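A.B. asks: run_17.pdb is the file, holding PDB, C-alpha atoms and all ligand atoms:
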ATOM      1  CA  MET A1324      18.200   3.844 -16.945
ATOM      2  CA  ILE A1325      14.949   3.710 -14.984
ATOM      3  CA  ARG A1326      12.238   1.674 -16.748
ATOM      4  CA  VAL A1327      10.029   0.733 -13.786
ATOM      5  CA  ILE A1328       8.487   2.822 -11.004
ATOM      6  CA  LEU A1329       7.501   0.943  -7.847
ATOM      7  CA  THR A1330       5.477   3.130  -5.528
ATOM      8  CA  ASP A1331       4.260   3.060  -1.967
ATOM      9  CA  ILE A1332       0.805   4.533  -1.257
ATOM     10  CA  GLU A1333       0.430   6.052   2.243
ATOM     11  CA  GLY A1334       2.539   9.228   2.459
ATOM     12  CA  THR A1335       3.684   8.845  -1.172
ATOM     13  CA  THR A1336       0.815   8.860  -3.690
ATOM     14  CA  SER A1337      -1.791   9.547  -1.016
ATOM     15  CA  SER A1338      -1.975  11.390   2.277
ATOM     16  CA  ILE A1339      -1.238   9.740   5.600
ATOM     17  CA  SER A1340      -4.285  11.490   7.012
ATOM     18  CA  PHE A1341      -6.619   9.870   4.436
ATOM     19  CA  VAL A1342      -5.387   6.420   5.516
ATOM     20  CA  HIS A1343      -5.381   7.126   9.270
ATOM     21  CA  ASP A1344      -8.360   9.477   9.618
ATOM     22  CA  VAL A1345     -10.705   8.025   6.992
ATOM     23  CA  LEU A1346      -9.804   4.448   5.972
ATOM     24  CA  PHE A1347      -8.737   3.043   9.350
ATOM     25  CA  PRO A1348     -11.723   4.463  11.310
ATOM     26  CA  TYR A1349     -14.085   3.172   8.580
ATOM     27  CA  ALA A1350     -12.584  -0.329   8.929
ATOM     28  CA  SER A1351     -12.682  -0.160  12.715
ATOM     29  CA  GLU A1352     -16.376   0.814  12.682
ATOM     30  CA  HIS A1353     -17.570  -1.674  10.043
ATOM     31  CA  LEU A1354     -15.289  -4.697  10.524
ATOM     32  CA  PRO A1355     -17.155  -6.275  13.493
ATOM     33  CA  MET A1356     -20.504  -6.434  11.713
ATOM     34  CA  TYR A1357     -18.866  -7.436   8.426
ATOM     35  CA  ILE A1358     -17.208 -10.416  10.107
ATOM     36  CA  ARG A1359     -20.334 -11.474  12.009
ATOM     37  CA  ASP A1360     -22.455 -11.258   8.831
ATOM     38  CA  ASN A1361     -19.996 -13.092   6.594
ATOM     39  CA  TYR A1362     -17.716 -15.557   8.393
ATOM     40  CA  ARG A1363     -20.164 -18.451   7.858
ATOM     41  CA  ILE A1364     -20.974 -17.678   4.215
ATOM     42  CA  MET A1365     -17.710 -16.277   2.819
ATOM     43  CA  PRO A1366     -14.780 -18.741   2.733
ATOM     44  CA  ALA A1367     -12.406 -15.797   2.116
ATOM     45  CA  VAL A1368     -13.435 -14.270   5.471
ATOM     46  CA  ALA A1369     -13.185 -17.608   7.297
ATOM     47  CA  GLU A1370      -9.732 -18.171   5.794
ATOM     48  CA  GLN A1371      -8.398 -14.823   7.028
ATOM     49  CA  LEU A1372      -9.950 -15.364  10.487
ATOM     50  CA  ALA A1373      -8.127 -18.699  10.690
ATOM     51  CA  ARG A1374      -4.848 -16.856  10.035
ATOM     52  CA  VAL A1375      -5.693 -14.325  12.774
ATOM     53  CA  ALA A1376      -6.529 -17.149  15.201
ATOM     54  CA  GLU A1377      -3.230 -18.894  14.490
ATOM     55  CA  ALA A1378      -1.110 -15.734  14.733
ATOM     56  CA  SER A1379      -2.748 -14.580  17.966
ATOM     57  CA  GLY A1380      -3.309 -17.930  19.694
ATOM     58  CA  THR A1381      -7.066 -17.225  19.855
ATOM     59  CA  ASP A1382      -9.680 -19.995  19.653
ATOM     60  CA  PRO A1383     -10.804 -19.967  15.971
ATOM     61  CA  LYS A1384     -14.439 -20.354  17.120
ATOM     62  CA  ASP A1385     -14.235 -17.286  19.386
ATOM     63  CA  ILE A1386     -15.473 -14.674  16.884
ATOM     64  CA  ASP A1387     -15.737 -11.894  19.498
ATOM     65  CA  GLY A1388     -12.175 -12.663  20.618
ATOM     66  CA  LEU A1389     -10.898 -12.531  17.030
ATOM     67  CA  ILE A1390     -12.653  -9.198  16.455
ATOM     68  CA  GLU A1391     -11.001  -7.887  19.615
ATOM     69  CA  VAL A1392      -7.581  -9.025  18.339
ATOM     70  CA  LEU A1393      -8.210  -7.291  15.006
ATOM     71  CA  GLN A1394      -9.279  -4.049  16.715
ATOM     72  CA  GLY A1395      -6.077  -4.156  18.799
ATOM     73  CA  TRP A1396      -3.958  -4.717  15.673
ATOM     74  CA  MET A1397      -5.687  -1.801  13.951
ATOM     75  CA  SER A1398      -5.014   0.542  16.856
ATOM     76  CA  GLU A1399      -1.294  -0.359  16.750
ATOM     77  CA  ASP A1400      -1.264  -0.101  12.890
ATOM     78  CA  ARG A1401       0.017  -3.654  12.563
ATOM     79  CA  LYS A1402       0.882  -4.587   8.966
ATOM     80  CA  ASP A1403      -0.553  -8.086   9.201
ATOM     81  CA  GLY A1404      -1.611  -9.764   5.946
ATOM     82  CA  ALA A1405      -4.892 -11.201   7.295
ATOM     83  CA  LEU A1406      -5.915  -7.879   8.869
ATOM     84  CA  LYS A1407      -5.067  -6.070   5.623
ATOM     85  CA  ALA A1408      -7.092  -8.586   3.573
ATOM     86  CA  LEU A1409     -10.134  -8.110   5.845
ATOM     87  CA  GLN A1410      -9.771  -4.304   5.796
ATOM     88  CA  GLY A1411      -9.754  -4.442   1.985
ATOM     89  CA  MET A1412     -13.038  -6.393   1.959
ATOM     90  CA  VAL A1413     -14.670  -3.849   4.279
ATOM     91  CA  TRP A1414     -13.373  -0.855   2.312
ATOM     92  CA  GLU A1415     -14.787  -2.387  -0.878
ATOM     93  CA  GLN A1416     -18.289  -1.819   0.518
ATOM     94  CA  GLY A1417     -17.462   1.832   1.299
ATOM     95  CA  TYR A1418     -15.984   2.531  -2.131
ATOM     96  CA  ARG A1419     -18.861   0.814  -3.929
ATOM     97  CA  SER A1420     -21.486   2.764  -1.952
ATOM     98  CA  GLY A1421     -19.646   6.044  -2.612
ATOM     99  CA  GLU A1422     -18.982   6.592   1.110
ATOM    100  CA  LEU A1423     -15.231   6.323   0.431
ATOM    101  CA  LYS A1424     -13.237   8.112  -2.260
ATOM    102  CA  GLY A1425      -9.528   7.346  -2.510
ATOM    103  CA  HIS A1426      -7.119  10.225  -2.009
ATOM    104  CA  LEU A1427      -4.428  10.826  -4.640
ATOM    105  CA  TYR A1428      -2.182  13.898  -4.572
ATOM    106  CA  ARG A1429      -2.682  16.016  -7.715
ATOM    107  CA  ASP A1430       1.028  15.799  -8.574
ATOM    108  CA  ALA A1431       0.980  12.009  -8.140
ATOM    109  CA  ALA A1432      -2.018  11.712 -10.464
ATOM    110  CA  ASP A1433      -0.375  14.013 -13.006
ATOM    111  CA  TYR A1434       2.993  12.227 -13.119
ATOM    112  CA  LEU A1435       1.653   8.687 -12.888
ATOM    113  CA  GLN A1436      -0.223   9.442 -16.097
ATOM    114  CA  ARG A1437       2.803  11.115 -17.736
ATOM    115  CA  TRP A1438       5.192   8.304 -16.772
ATOM    116  CA  HIS A1439       2.745   5.703 -18.067
ATOM    117  CA  ASP A1440       2.369   7.620 -21.346
ATOM    118  CA  ARG A1441       6.173   7.898 -21.596
ATOM    119  CA  GLY A1442       6.439   4.096 -21.515
ATOM    120  CA  LEU A1443       7.557   3.541 -17.931
ATOM    121  CA  ARG A1444       5.971   0.520 -16.261
ATOM    122  CA  LEU A1445       4.230   1.371 -12.967
ATOM    123  CA  PHE A1446       3.771  -0.979 -10.004
ATOM    124  CA  VAL A1447       2.451  -0.540  -6.472
ATOM    125  CA  TYR A1448       3.988  -1.990  -3.311
ATOM    126  CA  SER A1449       1.935  -1.297  -0.202
ATOM    127  CA  SER A1450       1.115  -2.958   3.105
ATOM    128  CA  GLY A1451      -2.540  -2.545   2.100
ATOM    129  CA  SER A1452      -3.863  -5.652   0.304
ATOM    130  CA  VAL A1453      -3.830  -5.780  -3.493
ATOM    131  CA  LYS A1454      -7.637  -5.466  -3.345
ATOM    132  CA  ALA A1455      -7.307  -2.295  -1.216
ATOM    133  CA  GLN A1456      -4.694  -0.905  -3.633
ATOM    134  CA  LYS A1457      -6.963  -1.423  -6.638
ATOM    135  CA  LEU A1458      -9.832   0.215  -4.749
ATOM    136  CA  ILE A1459      -7.952   3.376  -3.729
ATOM    137  CA  PHE A1460      -6.654   3.900  -7.297
ATOM    138  CA  GLY A1461      -9.884   2.746  -8.948
ATOM    139  CA  HIS A1462     -12.151   5.063  -6.935
ATOM    140  CA  SER A1463      -9.891   8.080  -6.441
ATOM    141  CA  ASN A1464     -10.658  11.782  -6.276
ATOM    142  CA  GLU A1465      -8.681  12.017  -9.563
ATOM    143  CA  GLY A1466     -10.597   9.229 -11.334
ATOM    144  CA  ASP A1467      -9.771   5.594 -12.113
ATOM    145  CA  PHE A1468      -5.985   5.087 -12.243
ATOM    146  CA  THR A1469      -5.919   1.291 -12.352
ATOM    147  CA  GLY A1470      -5.307   1.390 -16.116
ATOM    148  CA  PHE A1471      -1.901   2.985 -15.540
ATOM    149  CA  PHE A1472      -0.535   0.187 -13.350
ATOM    150  CA  SER A1473       1.044  -3.003 -14.657
ATOM    151  CA  GLY A1474       0.810  -4.792 -11.301
ATOM    152  CA  TYR A1475       0.439  -4.687  -7.525
ATOM    153  CA  PHE A1476       2.404  -6.148  -4.595
ATOM    154  CA  ASP A1477       1.385  -6.431  -0.965
ATOM    155  CA  THR A1478       2.968  -8.080   2.073
ATOM    156  CA  GLU A1479       2.409 -11.533   0.541
ATOM    157  CA  VAL A1480       5.864 -10.874  -1.045
ATOM    158  CA  GLY A1481       7.228  -9.946   2.409
ATOM    159  CA  GLY A1482       7.433  -6.886   4.654
ATOM    160  CA  LYS A1483       8.426  -3.516   3.209
ATOM    161  CA  LYS A1484      11.433  -3.141   5.522
ATOM    162  CA  ASP A1485      12.914  -6.481   4.448
ATOM    163  CA  ALA A1486      15.377  -6.496   1.496
ATOM    164  CA  GLN A1487      14.253 -10.016   0.506
ATOM    165  CA  SER A1488      10.809  -8.609  -0.425
ATOM    166  CA  TYR A1489      12.407  -6.417  -3.086
ATOM    167  CA  HIS A1490      14.394  -9.389  -4.417
ATOM    168  CA  ASN A1491      11.083 -11.272  -4.635
ATOM    169  CA  ILE A1492       9.492  -8.398  -6.571
ATOM    170  CA  LEU A1493      12.474  -8.203  -8.953
ATOM    171  CA  ALA A1494      12.218 -11.944  -9.582
ATOM    172  CA  GLU A1495       8.510 -11.585 -10.409
ATOM    173  CA  LEU A1496       9.147  -8.624 -12.707
ATOM    174  CA  GLY A1497      12.200 -10.210 -14.333
ATOM    175  CA  VAL A1498      14.108  -6.916 -14.460
ATOM    176  CA  ASP A1499      17.495  -5.672 -13.211
ATOM    177  CA  ALA A1500      17.409  -3.901  -9.841
ATOM    178  CA  GLY A1501      19.100  -0.787 -11.243
ATOM    179  CA  THR A1502      16.209  -0.169 -13.654
ATOM    180  CA  VAL A1503      13.658   0.182 -10.830
ATOM    181  CA  LEU A1504      12.957   3.377  -8.878
ATOM    182  CA  PHE A1505      11.165   2.812  -5.565
ATOM    183  CA  LEU A1506       9.196   5.717  -4.072
ATOM    184  CA  SER A1507       8.388   5.834  -0.359
ATOM    185  CA  ASP A1508       8.028   8.185   2.597
ATOM    186  CA  VAL A1509       9.600   5.684   5.035
ATOM    187  CA  GLU A1510      13.405   5.645   5.220
ATOM    188  CA  ALA A1511      13.617   2.054   6.481
ATOM    189  CA  GLU A1512      11.718   0.900   3.373
ATOM    190  CA  LEU A1513      14.140   2.826   1.141
ATOM    191  CA  GLU A1514      17.111   1.239   2.932
ATOM    192  CA  ALA A1515      15.671  -2.254   2.333
ATOM    193  CA  ALA A1516      15.042  -1.497  -1.354
ATOM    194  CA  GLU A1517      18.571  -0.083  -1.754
ATOM    195  CA  ALA A1518      20.030  -3.198  -0.123
ATOM    196  CA  ALA A1519      18.372  -5.157  -2.954
ATOM    197  CA  GLY A1520      19.947  -2.774  -5.501
ATOM    198  CA  LEU A1521      16.912  -0.628  -6.370
ATOM    199  CA  LYS A1522      17.190   3.130  -6.888
ATOM    200  CA  THR A1523      15.073   5.162  -4.475
ATOM    201  CA  ALA A1524      13.436   8.531  -3.932
ATOM    202  CA  TRP A1525      12.286   9.638  -0.479
ATOM    203  CA  LEU A1526       8.979  11.516  -0.568
ATOM    204  CA  VAL A1527       8.879  14.124   2.192
ATOM    205  CA  ARG A1528       5.604  15.913   1.645
ATOM    206  CA  ASP A1529       5.492  17.932   4.893
ATOM    207  CA  GLY A1530       7.865  19.367   7.441
ATOM    208  CA  GLU A1531      11.601  19.921   7.284
ATOM    209  CA  LEU A1532      13.705  18.159   4.691
ATOM    210  CA  PRO A1533      15.984  15.580   6.330
ATOM    211  CA  GLU A1534      19.772  15.799   6.066
ATOM    212  CA  THR A1535      20.564  12.715   4.081
ATOM    213  CA  GLY A1536      22.687  11.402   1.261
ATOM    214  CA  ARG A1537      19.681   9.931  -0.533
ATOM    215  CA  PHE A1538      17.456  11.647  -3.078
ATOM    216  CA  VAL A1539      14.589  13.550  -1.419
ATOM    217  CA  ALA A1540      11.532  14.912  -3.240
ATOM    218  CA  ARG A1541       8.684  17.104  -2.063
ATOM    219  CA  ASP A1542       6.375  15.765  -4.762
ATOM    220  CA  PHE A1543       6.281  13.736  -7.980
ATOM    221  CA  ALA A1544       7.410  16.726 -10.081
ATOM    222  CA  GLU A1545      10.725  16.597  -8.206
ATOM    223  CA  VAL A1546      10.906  12.834  -8.754
ATOM    224  CA  ASP A1547      10.412  13.497 -12.454
ATOM    225  CA  ALA A1548      13.374  15.905 -12.459
ATOM    226  CA  LEU A1549      15.485  13.050 -11.062
ATOM    227  CA  LEU A1550      14.216  10.651 -13.730
ATOM    228  CA  ARG A1551      15.150  13.050 -16.496
ATOM    229  CA  LYS A1552      18.713  13.350 -15.129
ATOM    230  CA  ARG A1553      19.288   9.576 -14.929
TER
HETATM  231  C1  LIG B1601      -4.037   0.528   0.051
HETATM  232  S1  LIG B1601      -4.592   1.861   0.982
HETATM  233  C2  LIG B1601      -4.408   1.333   2.653
HETATM  234  C3  LIG B1601      -3.013   1.367   3.071
HETATM  235  C4  LIG B1601      -2.765   0.580   4.318
HETATM  236  O1  LIG B1601      -3.587  -0.207   4.743
HETATM  237  C5  LIG B1601      -1.527   0.757   4.994
HETATM  238  O2  LIG B1601      -1.276   0.085   5.985
HETATM  239  C6  LIG B1601      -0.521   1.728   4.479
HETATM  240  O3  LIG B1601       0.497   1.018   3.944
HETATM  241  P1  LIG B1601       1.649   1.669   3.021
HETATM  242  O4  LIG B1601       2.557   0.500   2.840
HETATM  243  O5  LIG B1601       1.030   2.144   1.748
HETATM  244  O6  LIG B1601       2.334   2.751   3.781
HETATM  245 MG    MG B1602       4.239   5.003   3.085
END
Would you encode the structure as structure tokens?
C.D. replies:
Amino acid sequence: MIRVILTDIEGTTSSISFVHDVLFPYASEHLPMYIRDNYRIMPAVAEQLARVAEASGTDPKDIDGLIEVLQGWMSEDRKDGALKALQGMVWEQGYRSGELKGHLYRDAADYLQRWHDRGLRLFVYSSGSVKAQKLIFGHSNEGDFTGFFSGYFDTEVGGKKDAQSYHNILAELGVDAGTVLFLSDVEAELEAAEAAGLKTAWLVRDGELPETGRFVARDFAEVDALLRKR
């Protein structure tokens, strides 16, 4: 029986276009000035820049070079923990000023609330940092959803296409794999979760439905139909 829902964000609870056409351009525009203004006064910024320097082989004192590395990583949509942490800090400014509003599909908002009220425990697993996850759900077009979630996981537990990450999440939650339903729009993530024993549902919000043996849902109402059968 499913007792825990673990959900992805981009392409699952929220549109890919919101992430790629709103969040990423906002980060790309504001990150350079944010870093220049804060790397001397915010240890959290300096710490993430040190990780970028180490991963890229850039001189840690070369701030322009590090910004260039980060812009390159953003254009290739690299799921790097330091980049994601810095993006989250920049987005915080946009959400707080009201310039950004997180996108949540209506059906996702509806069923997240229903599942929470039915006693299911809800968790997020996204490549976006935990800070960024709390921001998108806390400042969404459907209101503040942070009260519905019991916890958040980002790539600090490992990459989403790596089965070990799901084992790490299970260990933190202290639950059996078969009681967890993982929702994602990316098949490789579902395969990794299944390898760790989790149940999965593949969200395919647009386009043709794939021919596959796994459970496919157009929206969260179809996921709910699956939950009621299991
Ligand atoms: C937390 S919103 C920003 C999402 C993000 O930065 C990203 O790379 C999308 O990752 P996901 O694992 O949700 O597909
Ligand atoms: Mg996704």
A.B. asks: Could you give me, as a count of residues only, the residues within 10 Å of Lys1552 of chain A, counting all atoms listed in the file and dropping anything in the same chain fewer than 4 positions from it?
C.D. replies: 3
A.B. asks: Give me the residues near segment 1421-1425 of chain A as a PyMOL selection string, where near means some atom within 9 Å (using all atoms listed in the file) and where sequence neighbours in that chain fewer than 6 positions away do not count.
C.D. replies: chain A and resi 1337+1341+1345-1346+1349+1414-1415+1458-1465
A.B. asks: Measuring atom to atom with all atoms listed in the file, identify which of A:Thr1523, A:Gln1487, A:Asn1361, A:Thr1330 is nearest to Ser1449 of chain A.
C.D. replies: A:Thr1330
A.B. asks: Could you tell me, as a ChimeraX atom specification, exactly which residues end up selected when the PyMOL selection byres (((not hetatm)) within 9 of (chain B and resi 1602)) is applied to this structure?
C.D. replies: /A:1330-1339,1449-1450,1506-1509,1512,1526
A.B. asks: Here is a test: counting all atoms listed in the file, which residue of A:Met1397, A:Glu1545, A:Val1375, A:Leu1329 is nearest to His1343 of chain A?
C.D. replies: A:Met1397
A.B. asks: Using all atoms listed in the file, which of A:Gly1451, A:Gly1395, A:Gly1474, A:Pro1533 sits nearest ligand LIG 1601 (chain B)?
C.D. replies: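 Among the listed residues, the smallest separation from ligand LIG 1601 (chain B) belongs to A:Gly1451.
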A.B. asks: List, as a PyMOL selection string, every residue that the PyMOL selection byres (((chain A and resi 1352) around 12) and not hetatm) selects in the file provided.
C.D. replies: chain A and resi 1345-1351+1353-1358+1390+1393-1394+1397+1410+1413-1414+1417
A.B. asks: Of the residues A:Gly1388, A:Gly1520, A:Gly1481, A:Gly1497, which is the one nearest to Gly1404 of chain A, using all atoms listed in the file?
C.D. replies: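 Looking at the shortest contact to Gly1404 of chain A, the residue is A:Gly1481.
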A.B. asks: Near Ala1405 of chain A, counting only C-alpha atoms, which residues have an atom at most 7 Å away, once you skip same-chain residues fewer than 2 positions from it, shown as a PyMOL selection string?
C.D. replies: chain A and resi 1371+1374-1375+1403+1407-1409
A.B. asks: Of the candidates A:Arg1359, A:Arg1429, A:Arg1326, A:Lys1484, which one gets nearest to ligand LIG 1601 (chain B) if we count only C-alpha atoms and all ligand atoms?
C.D. replies: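 Looking at the shortest contact to ligand LIG 1601 (chain B), the residue is A:Lys1484.
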